[in-house]
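Structure file work23.txt; described as compact mmCIF, C-alpha atoms.
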# COMPACT_ATOMS: atom_id res chain seq x y z
CA MET A 187 0.00 0.00 0.00
CA PRO A 188 1.57 3.35 -0.99
CA ARG A 189 2.58 5.71 1.75
CA THR A 190 0.48 8.86 1.97
CA ASP A 191 2.73 11.33 3.74
CA THR A 192 1.11 14.77 3.65
CA ALA A 193 3.50 16.49 5.98
CA GLY A 194 5.38 18.12 3.12
CA THR A 195 2.24 19.53 1.55
CA GLU A 196 0.60 20.90 4.67
CA THR A 197 -0.72 24.39 4.15
CA ALA A 198 -1.32 27.15 6.59
CA ALA A 199 -4.74 27.65 8.06
CA PRO A 200 -6.57 30.67 6.72
CA THR A 201 -5.79 33.77 8.72
CA ARG A 202 -7.54 37.07 8.85
CA LEU A 203 -5.78 39.63 6.70
CA ARG A 204 -4.88 42.97 8.26
CA TRP A 205 -4.61 46.29 6.46
CA TRP A 206 -1.23 47.06 8.03
CA THR A 207 0.25 43.96 6.39
CA GLU A 208 -1.63 44.31 3.11
CA LEU A 209 -0.77 47.98 2.50
CA PRO A 210 3.03 47.48 2.50
CA LEU A 211 2.58 44.48 0.19
CA ILE A 212 0.51 46.50 -2.29
CA LEU A 213 3.00 49.38 -2.13
CA LEU A 214 5.88 46.96 -2.70
CA VAL A 215 4.27 45.55 -5.83
CA TYR A 216 3.48 49.02 -7.16
CA ALA A 217 7.07 50.12 -6.42
CA CYS A 218 8.35 47.11 -8.41
CA TYR A 219 5.97 48.03 -11.22
CA SER A 220 7.19 51.62 -11.31
CA ALA A 221 10.84 50.71 -10.83
CA GLY A 222 10.64 48.05 -13.51
CA ARG A 223 9.24 50.52 -16.00
CA LEU A 224 11.99 52.95 -15.05
CA LEU A 225 15.01 50.68 -14.82
CA VAL A 226 14.29 48.37 -17.74
CA ARG A 227 14.83 50.96 -20.45
CA GLY A 228 14.92 49.20 -23.77
CA ASN A 229 17.11 50.25 -26.66
CA GLU A 230 15.26 53.02 -28.50
CA SER A 231 15.93 51.70 -31.98
CA ALA A 232 14.82 48.19 -30.98
CA ALA A 233 11.67 49.63 -29.38
CA VAL A 234 10.85 51.56 -32.57
CA ASP A 235 11.44 48.44 -34.66
CA HIS A 236 9.08 46.45 -32.45
CA GLY A 237 6.43 49.16 -32.67
CA LEU A 238 6.63 49.33 -36.46
CA ALA A 239 6.51 45.53 -36.70
CA ILE A 240 3.31 45.46 -34.62
CA LEU A 241 1.78 48.21 -36.76
CA ARG A 242 2.62 46.39 -40.02
CA PHE A 243 1.21 43.12 -38.66
CA GLU A 244 -2.03 44.82 -37.63
CA LYS A 245 -2.39 46.50 -41.03
CA SER A 246 -1.92 43.18 -42.77
CA LEU A 247 -4.87 41.82 -40.79
CA TRP A 248 -6.94 45.03 -40.92
CA LEU A 249 -6.73 45.37 -37.14
CA ASN A 250 -5.25 48.86 -36.84
CA ALA A 251 -8.17 50.61 -35.15
CA GLU A 252 -5.63 53.04 -33.64
CA HIS A 253 -5.55 55.32 -36.70
CA PRO A 254 -9.29 56.17 -36.96
CA LEU A 255 -9.63 56.48 -33.18
CA ASN A 256 -6.59 58.73 -32.92
CA ARG A 257 -7.89 60.99 -35.71
CA LEU A 258 -11.26 61.22 -33.91
CA PHE A 259 -9.67 62.09 -30.56
CA THR A 260 -7.45 64.70 -32.20
CA ARG A 261 -10.28 66.29 -34.18
CA GLU A 262 -12.84 66.37 -31.34
CA PRO A 263 -11.52 67.94 -28.10
CA TRP A 264 -14.70 67.04 -26.22
CA ILE A 265 -13.66 63.39 -26.71
CA GLY A 266 -9.88 63.74 -26.66
CA ILE A 267 -9.52 65.78 -23.46
CA PRO A 268 -11.69 63.50 -21.24
CA ALA A 269 -9.88 60.52 -22.76
CA ASP A 270 -6.54 61.99 -21.70
CA PHE A 271 -7.81 62.49 -18.15
CA TRP A 272 -9.16 58.94 -18.19
CA TYR A 273 -5.78 57.54 -19.25
CA ALA A 274 -3.73 59.69 -16.86
CA SER A 275 -5.75 59.10 -13.68
CA LEU A 276 -8.20 56.19 -13.52
CA HIS A 277 -5.50 53.54 -13.87
CA TYR A 278 -4.09 54.72 -10.53
CA LEU A 279 -7.41 55.43 -8.79
CA VAL A 280 -9.91 52.73 -9.74
CA THR A 281 -7.66 49.73 -9.13
CA PRO A 282 -6.76 50.69 -5.52
CA ALA A 283 -10.41 51.61 -4.91
CA VAL A 284 -11.56 48.14 -6.02
CA LEU A 285 -8.88 46.51 -3.85
CA ILE A 286 -10.06 48.47 -0.80
CA TRP A 287 -13.70 47.63 -1.56
CA LEU A 288 -12.87 43.91 -1.80
CA PHE A 289 -10.84 44.04 1.42
CA ARG A 290 -13.67 45.67 3.36
CA SER A 291 -16.76 44.00 1.97
CA ARG A 292 -15.58 40.80 0.22
CA ALA A 293 -12.75 39.74 2.51
CA VAL A 294 -13.11 36.04 1.73
CA ARG A 295 -12.47 36.80 -1.96
CA TYR A 296 -9.78 39.39 -1.43
CA ARG A 297 -6.65 37.24 -1.17
CA ALA A 298 -7.28 35.35 -4.41
CA ALA A 299 -8.15 38.57 -6.26
CA ARG A 300 -5.08 40.38 -4.95
CA THR A 301 -2.81 37.47 -5.84
CA TRP A 302 -4.24 37.38 -9.36
CA LEU A 303 -3.55 41.09 -9.85
CA MET A 304 -0.01 40.91 -8.47
CA THR A 305 0.95 37.82 -10.43
CA SER A 306 -0.27 39.37 -13.67
CA THR A 307 1.59 42.60 -12.93
CA PHE A 308 4.89 40.77 -12.52
CA ILE A 309 4.28 38.93 -15.80
CA GLY A 310 3.71 42.32 -17.42
CA LEU A 311 7.06 43.53 -16.08
CA VAL A 312 8.71 40.56 -17.78
CA GLY A 313 7.04 41.65 -21.02
CA PHE A 314 8.40 45.18 -20.64
CA THR A 315 11.86 43.69 -20.15
CA LEU A 316 11.85 41.28 -23.06
CA LEU A 317 9.96 43.37 -25.59
CA PRO A 318 10.49 47.13 -25.25
CA THR A 319 7.97 48.69 -27.61
CA CYS A 320 7.60 52.21 -28.93
CA PRO A 321 3.98 53.36 -28.56
CA PRO A 322 2.24 54.87 -31.61
CA ARG A 323 2.54 58.45 -30.29
CA LEU A 324 6.37 58.25 -30.32
CA LEU A 325 6.66 56.95 -33.87
CA ASP A 326 7.71 59.29 -36.64
CA PRO A 327 4.79 61.62 -37.55
CA SER A 328 4.84 60.12 -41.05
CA ASN A 329 3.12 57.08 -39.53
CA GLY A 330 0.02 59.19 -38.99
CA PHE A 331 -0.29 59.36 -35.18
CA VAL A 332 -0.77 62.42 -32.94
CA ASP A 333 0.14 62.37 -29.25
CA THR A 334 -3.16 63.63 -27.84
CA MET A 335 -1.70 64.14 -24.37
CA ALA A 336 0.88 66.51 -25.79
CA HIS A 337 -1.79 68.03 -28.07
CA TYR A 338 -4.07 68.81 -25.11
CA SER A 339 -1.35 69.28 -22.47
CA ALA A 340 -2.63 72.79 -21.64
CA TYR A 341 -5.76 71.19 -20.11
CA GLY A 342 -4.03 68.76 -17.74
CA TRP A 343 -1.08 68.24 -15.43
CA TRP A 344 0.85 66.17 -17.93
CA GLY A 345 3.40 67.41 -20.42
CA GLY A 346 4.61 65.82 -23.60
CA GLN A 347 5.99 62.65 -21.99
CA ALA A 348 3.24 60.14 -21.29
CA SER A 349 0.90 60.85 -18.37
CA ALA A 350 3.62 61.94 -15.94
CA PRO A 351 3.37 65.44 -14.42
CA ARG A 352 5.34 68.13 -16.17
CA GLY A 353 9.04 67.83 -15.48
CA LEU A 354 8.80 64.18 -14.38
CA GLY A 355 8.51 62.54 -17.76
CA GLY A 356 12.13 61.42 -17.63
CA MET A 357 11.28 59.18 -14.66
CA THR A 358 9.05 56.94 -16.74
CA ASN A 359 9.87 54.22 -19.24
CA GLN A 360 7.94 55.33 -22.29
CA TYR A 361 8.75 52.11 -24.15
CA ALA A 362 6.82 49.90 -21.69
CA ALA A 363 3.87 49.48 -24.02
CA MET A 364 3.68 45.71 -24.52
CA PRO A 365 1.57 44.45 -22.79
CA SER A 366 -0.88 47.17 -21.82
CA LEU A 367 -1.39 46.95 -18.07
CA HIS A 368 -3.85 49.83 -18.38
CA VAL A 369 -6.09 47.34 -20.16
CA GLY A 370 -5.05 44.43 -17.94
CA TRP A 371 -5.81 46.20 -14.67
CA ALA A 372 -9.08 47.57 -16.09
CA LEU A 373 -10.09 44.02 -17.05
CA TRP A 374 -9.33 42.84 -13.51
CA CYS A 375 -11.47 45.64 -12.08
CA GLY A 376 -14.27 44.77 -14.48
CA VAL A 377 -14.26 41.12 -13.45
CA MET A 378 -14.36 42.05 -9.76
CA LEU A 379 -17.26 44.46 -10.28
CA TRP A 380 -19.18 41.95 -12.38
CA ARG A 381 -18.72 39.01 -10.02
CA TYR A 382 -19.03 40.67 -6.63
CA GLY A 383 -20.84 43.95 -7.22
CA GLY A 384 -24.29 42.48 -6.76
CA THR A 385 -26.20 45.19 -8.63
CA ARG A 386 -27.00 45.90 -12.26
CA THR A 387 -25.07 49.16 -12.08
CA THR A 388 -21.85 47.48 -10.98
CA LYS A 389 -22.22 44.87 -13.71
CA VAL A 390 -22.60 47.61 -16.32
CA LEU A 391 -19.52 49.35 -14.92
CA GLY A 392 -17.69 46.03 -14.96
CA VAL A 393 -18.23 45.78 -18.72
CA ALA A 394 -17.88 49.48 -19.58
CA TYR A 395 -14.67 50.25 -17.69
CA PRO A 396 -12.30 47.81 -19.49
CA LEU A 397 -14.02 48.42 -22.83
CA ILE A 398 -13.68 52.22 -22.63
CA THR A 399 -10.11 51.90 -21.35
CA THR A 400 -9.20 49.81 -24.39
CA ILE A 401 -10.64 52.47 -26.71
CA VAL A 402 -8.88 55.24 -24.77
CA VAL A 403 -5.41 53.68 -24.87
CA MET A 404 -5.66 53.33 -28.65
CA GLY A 405 -7.31 56.69 -29.34
CA THR A 406 -4.68 58.57 -27.32
CA ALA A 407 -1.96 56.71 -29.29
CA ASN A 408 -0.48 55.20 -26.15
CA HIS A 409 -0.98 51.56 -27.19
CA TYR A 410 -1.58 49.37 -30.19
CA PHE A 411 -4.54 47.04 -30.41
CA LEU A 412 -2.20 44.08 -29.90
CA ASP A 413 -0.89 45.70 -26.70
CA ALA A 414 -4.44 45.59 -25.39
CA VAL A 415 -4.82 41.95 -26.45
CA ALA A 416 -1.54 41.11 -24.71
CA GLY A 417 -2.73 42.90 -21.56
CA ALA A 418 -5.82 40.69 -21.47
CA ALA A 419 -3.70 37.59 -22.15
CA VAL A 420 -1.38 38.47 -19.27
CA MET A 421 -4.37 38.66 -16.95
CA GLY A 422 -5.50 35.25 -18.17
CA VAL A 423 -2.10 33.70 -17.43
CA GLY A 424 -2.04 35.41 -14.04
CA LEU A 425 -5.47 33.96 -13.24
CA LEU A 426 -4.22 30.45 -14.02
CA LEU A 427 -1.05 30.88 -11.94
CA ALA A 428 -2.67 32.57 -8.92
CA PRO A 429 -3.73 29.30 -7.16
CA LEU A 430 -0.19 27.94 -7.55
CA VAL A 431 1.26 31.15 -6.14
CA MET A 432 -1.07 30.99 -3.13
CA ARG A 433 -0.24 27.35 -2.44
CA ASN A 434 3.47 28.04 -2.55
CA ALA A 435 3.01 31.08 -0.29
CA ASP A 436 1.12 28.92 2.23
CA ARG A 437 3.83 26.26 2.15
CA ALA A 438 6.49 28.90 2.67
CA LYS A 439 4.54 30.29 5.62
CA VAL A 440 4.31 26.83 7.21
CA TRP A 441 8.02 26.21 6.61
CA ILE A 442 9.02 29.54 8.17
CA SER A 443 6.65 29.13 11.12
CA ALA A 444 7.99 25.64 11.86
CA ARG A 445 11.49 27.05 12.20
CA VAL A 446 10.78 30.38 13.79
CA ALA A 447 8.16 29.37 16.37
CA PRO A 448 10.36 26.92 18.37
CA VAL A 449 13.12 29.52 18.57
CA ALA A 450 10.68 32.15 19.78
CA THR A 451 9.21 29.73 22.35
CA ARG A 452 12.63 28.84 23.74
CA SER A 453 13.65 32.49 23.97
CA ARG A 454 10.47 33.41 25.86
CA GLY A 455 9.98 30.53 28.26
CA ALA A 456 13.13 28.43 28.42
CA GLN A 457 13.66 26.71 31.81
CA ALA A 458 16.91 25.45 33.26
CA PRO A 459 17.32 21.69 32.83
CA ILE A 460 17.16 19.38 35.85
CA VAL A 461 20.62 18.13 36.70
CA SER A 462 20.77 14.73 38.38
CA GLY A 463 23.73 12.38 38.56
CA GLY A 464 25.50 14.16 35.74
CA CYS A 465 22.53 13.71 33.38
CA GLN A 466 20.33 16.50 32.16
CA THR A 467 16.63 16.06 31.64
CA ALA A 468 14.09 18.48 30.31
CA PRO A 469 11.58 20.02 32.73
CA ARG A 470 8.87 17.48 33.82
CA GLU A 471 10.73 14.62 32.11
CA ARG A 472 10.57 11.42 34.18
CA ILE A 473 13.86 9.70 35.04
CA PRO A 474 13.81 5.88 34.57
CA ARG A 475 12.62 4.05 37.75
CA GLN A 476 11.64 7.36 39.29
CA ARG A 477 8.85 6.91 41.85
CA GLU A 478 5.69 8.69 40.89
CA SER A 479 4.14 11.15 43.32
CA VAL A 480 1.24 9.93 45.42
CA TYR A 481 -0.71 12.69 43.79
CA GLY A 482 -0.45 10.94 40.44
CA PRO A 483 1.38 11.63 37.21
CA GLY A 484 1.59 15.26 36.26
CA ALA A 485 1.17 16.60 39.81
CA GLU A 486 3.25 19.62 40.62
CA PRO A 487 6.06 18.85 43.09
CA GLY A 488 5.67 22.27 44.66
CA ALA A 489 2.02 21.62 45.36
CA ALA A 490 2.85 18.30 47.04
CA SER A 491 5.44 19.96 49.28
CA ALA A 492 3.02 22.68 50.25
CA ASP A 493 0.34 20.14 51.17
CA ALA A 494 2.84 18.14 53.20
CA GLY A 495 3.94 21.24 55.03
CA ASP A 496 0.37 22.15 55.87
CA GLY A 497 -0.27 18.65 57.22
CA ALA A 498 2.82 18.75 59.42
CA ALA A 499 1.79 22.12 60.83
CA ALA A 500 -1.66 20.82 61.62
CA ALA A 501 -0.28 17.77 63.41
CA ALA A 502 2.01 19.95 65.54
CA ARG A 503 -0.99 21.96 66.70
What does this structure look like when you write it as structure tokens?
Amino acid sequence: MPRTDTAGTETAAPTRLRWWTELPLILLVYACYSAGRLLVRGNESAAVDHGLAILRFEKSLWLNAEHPLNRLFTREPWIGIPADFWYASLHYLVTPAVLIWLFRSRAVRYRAARTWLMTSTFIGLVGFTLLPTCPPRLLDPSNGFVDTMAHYSAYGWWGGQASAPRGLGGMTNQYAAMPSLHVGWALWCGVMLWRYGGTRTTKVLGVAYPLITTIVVMGTANHYFLDAVAGAAVMGVGLLLAPLVMRNADRAKVWISARVAPVATRSRGAQAPIVSGGCQTAPRERIPRQRESVYGPGAEPGAASADAGDGAAAAAR
């Protein structure tokens, strides 16, 4: 009969998550996201080549919706300006808001949802590293794109370098276009709103938010259509890997606890060993052939002595 040893696969019992442990974790992931975009600066010529290759591939399949959308956003300020605000702000506001909402009102779903988002984000960082891509707005003007954020920069806080505030554009990696995490994060938010919102309004928002974000990233010339497709694909891979990540995290927690807890226990409540005949025994350990107390196994020796003392005092009286 095969041995079924489950000790190596034991997982930690579910524990209640606390905001003071979750917040640093979220900030750490966002810092890695920002640092990865900043530090992994691809070669400019390679990034331009990748961007042109994507554009040619899309044109061959009649998928380049970026051109008509970009012309519309450039021609109609009442569409282009709100789209620029959408791109520059909601990515950084809606996602944390949905995380907080899940943490407060859907706590049992929060850990899986958070792990899915984080796993997908790290996969996206790998994409930025391996495939630096020039967005449409940075291609030569002969390719027919207008940077709407530069075009309407007088209406917002951004300048001519992505959605960063004026003067801080140099701190961003403008060639981190493939995949589009704007679309990926928006898709994650949409799924959360659809599944756990509970009302028709939240379901409508769950569909509208990622759909409008996809249109915005193309119309503002920040991403290609295939960037948006890759962003959705990254979220799909992250969803598949999230259970594995959680299982490994639980195993790591058990492994660490098994090694840290005994050390902490010894440091807090260690007792001096009993020394008898040159042999050391742990506290309460029975020596071979040791007579058991009349009070039975496990009785405290101090208690027995105290009772004996009381009896002797009573007899003397």
(Q) Neighbouring residues of Pro268 (chain A) were defined as those with any atom within 12 Å, considering all atoms listed in the file; residues of the same chain fewer than 5 positions away were excluded. Please report them as a list in words. (A)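 Surrounding residues, per the criterion: Phe259, Thr260, Glu262, Pro263, Tyr273, Ala274, Ser275, Leu276, Thr334, Met335, Tyr338, Ser339, Tyr341, Gly342, Ile398, Thr399, Val402, Gly405 and Thr406 of chain A.
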Q: Counting all atoms listed in the file, figure out which residue out of A:Val403, A:Ala298, A:Leu238, A:Leu426 gets nearest to Phe271 (chain A).
A: A:Val403
Q: Find the residues around region 243-245 of chain A up to 9 Å (all atoms listed in the file counted), leave out those fewer than 5 positions away in its own chain, and share them as a ChimeraX atom specification.
A: /A:238,250-251,410-412
Q: Have a look at CA of Gly417 (chain A) and CA of Phe314 (chain A) and let me know their distance in Å, one decimal.
A: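 So the answer is 11.4 Å.
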With a cut-off of 12 Å, could you pull out the residues of region 260-302 of chain A touching region 428-431 of chain A and give me the nearest pair of atoms for each, distance in Å to one decimal, using all atoms listed in the file, ordered by chain and ascending number, as a tab-separated table?
residue	atom	partner	partner_atom	distance
A:Arg297	CA	A:Ala428	CA	9.9
A:Ala298	CA	A:Ala428	CA	7.0
A:Ala299	CA	A:Ala428	CA	8.6
A:Arg300	CA	A:Ala428	CA	9.1
A:Thr301	CA	A:Ala428	CA	5.8
A:Trp302	CA	A:Ala428	CA	5.1
Q | Among listed residues A:Ala217, A:Leu258, A:Leu288, A:Cys320, nearest Arg381 (chain A) (using all atoms listed in the file) | A | A:Leu288
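Of note, CA of Ala407 (chain A) and CA of Arg323 (chain A) are spaced 4.9 Å apart.
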Enumerate, as a PDB file with C-alpha atoms, in the frame of the given file, the protein, DNA and RNA residues whose atoms approach (-9.6, 46.5, -11.3) to within 9 Å, taking into account all atoms listed in the file and the coordinate frame of the file.
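The resulting file, part13.pdb, is reproduced below:
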ATOM      1  CA  HIS A 277      -5.500  53.540 -13.870  1.00  0.00           C
ATOM      2  CA  VAL A 280      -9.910  52.730  -9.740  1.00  0.00           C
ATOM      3  CA  THR A 281      -7.660  49.730  -9.130  1.00  0.00           C
ATOM      4  CA  PRO A 282      -6.760  50.690  -5.520  1.00  0.00           C
ATOM      5  CA  ALA A 283     -10.410  51.610  -4.910  1.00  0.00           C
ATOM      6  CA  VAL A 284     -11.560  48.140  -6.020  1.00  0.00           C
ATOM      7  CA  LEU A 285      -8.880  46.510  -3.850  1.00  0.00           C
ATOM      8  CA  LEU A 303      -3.550  41.090  -9.850  1.00  0.00           C
ATOM      9  CA  GLY A 370      -5.050  44.430 -17.940  1.00  0.00           C
ATOM     10  CA  TRP A 371      -5.810  46.200 -14.670  1.00  0.00           C
ATOM     11  CA  ALA A 372      -9.080  47.570 -16.090  1.00  0.00           C
ATOM     12  CA  LEU A 373     -10.090  44.020 -17.050  1.00  0.00           C
ATOM     13  CA  TRP A 374      -9.330  42.840 -13.510  1.00  0.00           C
ATOM     14  CA  CYS A 375     -11.470  45.640 -12.080  1.00  0.00           C
ATOM     15  CA  GLY A 376     -14.270  44.770 -14.480  1.00  0.00           C
ATOM     16  CA  VAL A 377     -14.260  41.120 -13.450  1.00  0.00           C
ATOM     17  CA  MET A 378     -14.360  42.050  -9.760  1.00  0.00           C
ATOM     18  CA  LEU A 379     -17.260  44.460 -10.280  1.00  0.00           C
ATOM     19  CA  GLY A 392     -17.690  46.030 -14.960  1.00  0.00           C
ATOM     20  CA  TYR A 395     -14.670  50.250 -17.690  1.00  0.00           C
ATOM     21  CA  PRO A 396     -12.300  47.810 -19.490  1.00  0.00           C
TER      22      PRO A 396
END
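Each of A:Leu214, A:Val420, A:Ile401, A:Ala336 was checked against Leu324 (chain A) using all atoms listed in the file; the smallest atom-to-atom distance is that of A:Ala336.
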Supply region 427-446 of chain A as an mmCIF file, keeping the file's coordinate frame, with N, CA, C and O atoms built in where the input has gaps.
data_model
loop_
_atom_site.group_PDB
_atom_site.id
_atom_site.type_symbol
_atom_site.label_atom_id
_atom_site.label_comp_id
_atom_site.auth_asym_id
_atom_site.auth_seq_id
_atom_site.Cartn_x
_atom_site.Cartn_y
_atom_site.Cartn_z
ATOM 1 N N LEU A 427 -2.183 31.098 -12.845
ATOM 2 C CA LEU A 427 -1.050 30.880 -11.940
ATOM 3 C C LEU A 427 -1.359 31.265 -10.495
ATOM 4 O O LEU A 427 -0.637 30.848 -9.590
ATOM 5 N N ALA A 428 -2.388 32.059 -10.271
ATOM 6 C CA ALA A 428 -2.670 32.570 -8.920
ATOM 7 C C ALA A 428 -2.859 31.453 -7.886
ATOM 8 O O ALA A 428 -2.300 31.540 -6.779
ATOM 9 N N PRO A 429 -3.613 30.370 -8.169
ATOM 10 C CA PRO A 429 -3.730 29.300 -7.160
ATOM 11 C C PRO A 429 -2.379 28.678 -6.803
ATOM 12 O O PRO A 429 -2.122 28.364 -5.636
ATOM 13 N N LEU A 430 -1.525 28.500 -7.811
ATOM 14 C CA LEU A 430 -0.190 27.940 -7.550
ATOM 15 C C LEU A 430 0.621 28.892 -6.668
ATOM 16 O O LEU A 430 1.315 28.451 -5.732
ATOM 17 N N VAL A 431 0.538 30.171 -6.945
ATOM 18 C CA VAL A 431 1.260 31.150 -6.140
ATOM 19 C C VAL A 431 0.771 31.121 -4.697
ATOM 20 O O VAL A 431 1.571 31.153 -3.758
ATOM 21 N N MET A 432 -0.535 31.028 -4.496
ATOM 22 C CA MET A 432 -1.070 30.990 -3.130
ATOM 23 C C MET A 432 -0.662 29.726 -2.393
ATOM 24 O O MET A 432 -0.325 29.778 -1.205
ATOM 25 N N ARG A 433 -0.662 28.592 -3.091
ATOM 26 C CA ARG A 433 -0.240 27.350 -2.440
ATOM 27 C C ARG A 433 1.218 27.418 -2.013
ATOM 28 O O ARG A 433 1.576 27.008 -0.903
ATOM 29 N N ASN A 434 2.055 27.922 -2.897
ATOM 30 C CA ASN A 434 3.470 28.040 -2.550
ATOM 31 C C ASN A 434 3.688 29.040 -1.412
ATOM 32 O O ASN A 434 4.556 28.841 -0.549
ATOM 33 N N ALA A 435 2.903 30.114 -1.391
ATOM 34 C CA ALA A 435 3.010 31.080 -0.290
ATOM 35 C C ALA A 435 2.601 30.442 1.025
ATOM 36 O O ALA A 435 3.231 30.677 2.070
ATOM 37 N N ASP A 436 1.556 29.607 1.002
ATOM 38 C CA ASP A 436 1.120 28.920 2.230
ATOM 39 C C ASP A 436 2.184 27.931 2.705
ATOM 40 O O ASP A 436 2.461 27.830 3.905
ATOM 41 N N ARG A 437 2.781 27.207 1.762
ATOM 42 C CA ARG A 437 3.830 26.260 2.150
ATOM 43 C C ARG A 437 5.030 27.000 2.741
ATOM 44 O O ARG A 437 5.630 26.548 3.720
ATOM 45 N N ALA A 438 5.377 28.122 2.136
ATOM 46 C CA ALA A 438 6.490 28.900 2.670
ATOM 47 C C ALA A 438 6.182 29.414 4.069
ATOM 48 O O ALA A 438 7.057 29.433 4.944
ATOM 49 N N LYS A 439 4.931 29.795 4.284
ATOM 50 C CA LYS A 439 4.540 30.290 5.620
ATOM 51 C C LYS A 439 4.643 29.176 6.654
ATOM 52 O O LYS A 439 5.125 29.391 7.773
ATOM 53 N N VAL A 440 4.203 27.976 6.291
ATOM 54 C CA VAL A 440 4.310 26.830 7.210
ATOM 55 C C VAL A 440 5.770 26.524 7.501
ATOM 56 O O VAL A 440 6.161 26.273 8.647
ATOM 57 N N TRP A 441 6.595 26.526 6.448
ATOM 58 C CA TRP A 441 8.020 26.210 6.610
ATOM 59 C C TRP A 441 8.698 27.224 7.528
ATOM 60 O O TRP A 441 9.482 26.854 8.415
ATOM 61 N N ILE A 442 8.410 28.497 7.332
ATOM 62 C CA ILE A 442 9.020 29.540 8.170
ATOM 63 C C ILE A 442 8.526 29.439 9.594
ATOM 64 O O ILE A 442 9.302 29.534 10.555
ATOM 65 N N SER A 443 7.209 29.219 9.767
ATOM 66 C CA SER A 443 6.650 29.130 11.120
ATOM 67 C C SER A 443 7.228 27.955 11.883
ATOM 68 O O SER A 443 7.494 28.035 13.084
ATOM 69 N N ALA A 444 7.451 26.830 11.196
ATOM 70 C CA ALA A 444 7.990 25.640 11.860
ATOM 71 C C ALA A 444 9.397 25.860 12.370
ATOM 72 O O ALA A 444 9.827 25.187 13.310
ATOM 73 N N ARG A 445 10.104 26.794 11.772
ATOM 74 C CA ARG A 445 11.490 27.050 12.200
ATOM 75 C C ARG A 445 11.626 28.260 13.093
ATOM 76 O O ARG A 445 12.548 28.326 13.897
ATOM 77 N N VAL A 446 10.701 29.175 12.974
ATOM 78 C CA VAL A 446 10.780 30.380 13.790
ATOM 79 C C VAL A 446 10.083 30.201 15.133
ATOM 80 O O VAL A 446 10.574 30.638 16.167
#
